[in-house]
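Q: Input work-v8.txt, format and content: compact mmCIF, C-alpha atoms.
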# COMPACT_ATOMS: atom_id res chain seq x y z
CA MET X 1 -9.32 29.75 22.44
CA SER X 2 -10.31 28.78 18.87
CA THR X 3 -10.97 25.26 17.73
CA LEU X 4 -10.57 23.61 14.35
CA SER X 5 -12.82 21.59 12.14
CA LEU X 6 -10.96 18.84 10.27
CA ILE X 7 -12.00 16.64 7.36
CA ILE X 8 -11.28 12.98 7.99
CA LYS X 9 -11.03 11.05 4.73
CA MET X 10 -11.29 7.31 4.49
CA ARG X 11 -11.22 5.12 1.42
CA THR X 12 -14.88 5.64 0.50
CA GLU X 13 -16.15 8.02 3.18
CA GLN X 14 -15.50 11.48 4.55
CA PHE X 15 -16.28 12.84 8.04
CA ASP X 16 -16.12 16.24 9.72
CA VAL X 17 -14.55 16.39 13.16
CA LYS X 18 -15.49 19.64 14.84
CA ASP X 19 -14.16 21.40 17.92
CA VAL X 20 -10.62 20.07 17.65
CA ASP X 21 -8.37 21.86 20.13
CA PRO X 22 -5.01 22.71 18.50
CA LYS X 23 -3.31 21.82 21.82
CA TRP X 24 -4.55 18.21 21.65
CA THR X 25 -2.17 15.38 20.98
CA ILE X 26 -2.82 13.08 18.05
CA ALA X 27 -3.97 10.47 20.61
CA ASP X 28 -6.67 12.95 21.71
CA LEU X 29 -7.62 13.57 18.09
CA LYS X 30 -7.94 9.82 17.50
CA THR X 31 -10.43 9.65 20.38
CA ALA X 32 -12.55 12.37 18.72
CA VAL X 33 -12.23 10.63 15.35
CA GLU X 34 -13.37 7.35 16.93
CA LYS X 35 -16.66 8.99 18.01
CA VAL X 36 -17.40 10.08 14.45
CA THR X 37 -16.07 7.15 12.40
CA GLU X 38 -16.57 4.27 14.87
CA VAL X 39 -13.02 3.12 14.11
CA ALA X 40 -11.24 2.31 17.38
CA ALA X 41 -8.45 4.74 18.21
CA ALA X 42 -6.00 1.83 18.51
CA ASP X 43 -6.83 0.81 14.93
CA GLN X 44 -6.36 4.29 13.44
CA ARG X 45 -3.42 5.53 11.46
CA LEU X 46 -3.78 9.23 10.67
CA ILE X 47 -1.85 10.75 7.77
CA PHE X 48 -1.46 14.47 7.14
CA LYS X 49 0.52 15.89 4.19
CA GLY X 50 1.86 12.41 3.45
CA LYS X 51 3.26 11.85 6.93
CA LEU X 52 2.09 9.32 9.48
CA LEU X 53 1.11 11.19 12.65
CA LYS X 54 2.43 9.88 15.96
CA ASP X 55 0.28 9.78 19.08
CA ASP X 56 2.54 12.14 21.05
CA GLN X 57 2.55 14.91 18.41
CA VAL X 58 0.50 18.06 19.06
CA VAL X 59 -2.13 19.00 16.46
CA GLU X 60 -0.90 22.58 15.97
CA ALA X 61 2.71 21.39 15.55
CA THR X 62 1.69 19.32 12.52
CA GLY X 63 0.56 22.41 10.61
CA MET X 64 -3.13 21.45 10.52
CA GLY X 65 -5.52 24.33 10.02
CA GLU X 66 -9.23 24.91 9.60
CA GLY X 67 -10.64 22.35 7.15
CA SER X 68 -7.39 20.43 6.73
CA PRO X 69 -7.82 16.96 5.23
CA VAL X 70 -6.51 14.12 7.39
CA TYR X 71 -6.45 10.62 5.94
CA LEU X 72 -7.51 7.71 8.10
CA VAL X 73 -6.28 4.21 7.40
CA SER X 74 -7.80 1.62 9.68
CA GLY X 75 -5.91 -1.44 10.77
CA ARG X 76 -3.66 -2.58 13.55
CA ASN X 77 -0.51 -0.55 13.90
CA SER X 78 2.55 -2.78 13.52
CA ASN X 79 4.17 -0.96 16.47
CA ASN X 80 1.29 -1.76 18.81
CA ASN X 81 2.86 -3.66 21.70
CA ASN X 82 -0.51 -4.71 23.13
CA ALA X 83 -1.41 -6.78 20.09
CA THR X 84 -0.60 -10.44 20.39
CA ALA X 85 0.29 -12.27 17.24
CA THR X 86 0.84 -15.96 16.86
CA PRO X 87 3.61 -16.79 14.45
CA SER X 88 2.52 -18.81 11.48
CA PRO X 89 4.41 -22.00 10.74
CA ALA X 90 7.07 -21.60 8.12
CA ALA X 91 5.95 -22.65 4.68
CA PRO X 92 8.05 -25.38 3.11
CA THR X 93 10.32 -24.15 0.38
CA ALA X 94 11.20 -26.10 -2.71
CA THR X 95 14.72 -25.93 -4.04
CA PRO X 96 14.93 -26.54 -7.78
CA THR X 97 17.38 -29.20 -8.85
CA PRO X 98 19.14 -28.27 -12.10
CA SER X 99 19.42 -30.89 -14.80
CA THR X 100 22.53 -30.78 -16.97
CA THR X 101 21.86 -33.63 -19.36
CA GLN X 102 19.12 -32.37 -21.70
CA ALA X 103 18.68 -29.36 -23.94
CA THR X 104 15.52 -27.30 -23.52
CA SER X 105 13.07 -26.53 -26.34
CA GLY X 106 14.56 -23.05 -26.74
CA GLY X 107 17.97 -24.42 -27.60
CA ALA X 108 19.81 -23.67 -24.37
CA THR X 109 20.95 -26.33 -21.95
CA ALA X 110 19.47 -26.33 -18.49
CA GLY X 111 22.85 -25.50 -17.00
CA GLY X 112 23.63 -22.76 -19.54
CA ASN X 113 21.84 -19.64 -20.69
CA ALA X 114 18.09 -19.23 -20.31
CA PRO X 115 16.06 -20.55 -23.26
CA ASN X 116 14.74 -18.11 -25.83
CA PRO X 117 10.94 -18.09 -25.53
CA PHE X 118 10.66 -16.94 -29.16
CA ALA X 119 12.96 -19.57 -30.67
CA ASN X 120 10.18 -21.78 -32.04
CA MET X 121 7.80 -18.97 -32.92
CA PHE X 122 6.12 -19.20 -36.34
CA GLY X 123 7.84 -22.46 -37.22
CA GLY X 124 11.29 -20.91 -37.51
CA GLY X 125 14.26 -22.70 -36.10
CA ALA X 126 17.69 -21.17 -35.97
CA GLY X 127 17.02 -19.48 -39.33
CA GLY X 128 15.17 -16.52 -37.81
CA GLY X 129 11.53 -17.54 -37.90
CA MET X 130 8.60 -16.21 -39.93
CA GLY X 131 9.76 -17.94 -43.05
CA GLY X 132 7.10 -20.04 -44.84
CA GLY X 133 3.61 -20.45 -43.42
CA ASP X 134 1.15 -17.77 -44.47
CA PHE X 135 3.82 -15.11 -44.58
CA GLY X 136 5.30 -15.79 -48.00
CA GLY X 137 8.90 -16.59 -48.76
CA MET X 138 10.37 -13.26 -47.69
CA GLY X 139 10.57 -13.87 -43.96
CA GLY X 140 7.20 -12.33 -43.15
CA MET X 141 7.26 -9.48 -45.63
CA GLY X 142 4.63 -11.08 -47.85
CA GLY X 143 6.71 -10.99 -51.06
CA MET X 144 7.13 -7.22 -51.10
Translate the structure described by the file into structure tokens.

A:
Amino acid sequence: MSTLSLIIKMRTEQFDVKDVDPKWTIADLKTAVEKVTEVAAADQRLIFKGKLLKDDQVVEATGMGEGSPVYLVSGRNSNNNNATATPSPAAPTATPTPSTTQATSGGATAGGNAPNPFANMFGGGAGGGMGGGDFGGMGGMGGM
């Protein structure tokens, strides 16, 4: 019976896991990975060829071969039923109250279209902007 050597890649580190039996489940592989990386098996998520490996899968069925890279992401699995989580209190939400009596600086009313953020740019009003100032009298063309 031949065994495999796999490369376990983490964010900033890389580990070799030797003597991996192709008949192992991913849960068995996680136990071997734990010995090398010191990341608890319950906190491991192993990814091979872009797919999250499930604990009941068999190593050889995943297509892993000698020297295959397996990516390890550490963190609690969201499907872990043993983890207890306390719900956080709901954050209060603010509901904006529209005002319909005043016009905004961009020329649109609060109840109408959104204001144009460029409306008052370069001292121009409704005439298109860029006239006057340091740009000359040709609307920003510098008197060309």

Q: For stretch 61-69 of chain X, find every residue with an atom within 12 Å (counting all atoms listed in the file), except residues of its own chain fewer than 6 positions away, and show them as a ChimeraX atom specification.

A: /X:2-10,14-26,29,46-55

Q: Of the candidates X:Val70, X:Gly75, X:Thr12, X:Asn116, which one gets nearest to X:Gln44 if we count all atoms listed in the file?

A: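 Once distances to X:Gln44 are computed over all atoms listed in the file, the minimum belongs to X:Gly75.
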
Q: What is the atom CA of X:Val36 to atom CA of X:Glu13 distance in Å?

A: 11.5 Å

Q: Using only C-alpha atoms, find the one residue out of X:Arg11, X:Ala40, X:Pro115, X:Ala32 that sits nearest to X:Leu72.

A: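 Ranked by minimum distance to X:Leu72, first place goes to X:Arg11.
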
Q: Could you tell me how far atom CA of X:Val58 lies from atom CA of X:Glu34, in Å and to one decimal?

A: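 It comes out at 17.7 Å.
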
Q: Would you compute the distance between atom CA of X:Ala27 and atom CA of X:Asp56? Give it in Å to one decimal.

A: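 Going from atom CA of X:Ala27 over to atom CA of X:Asp56, I get 6.7 Å.
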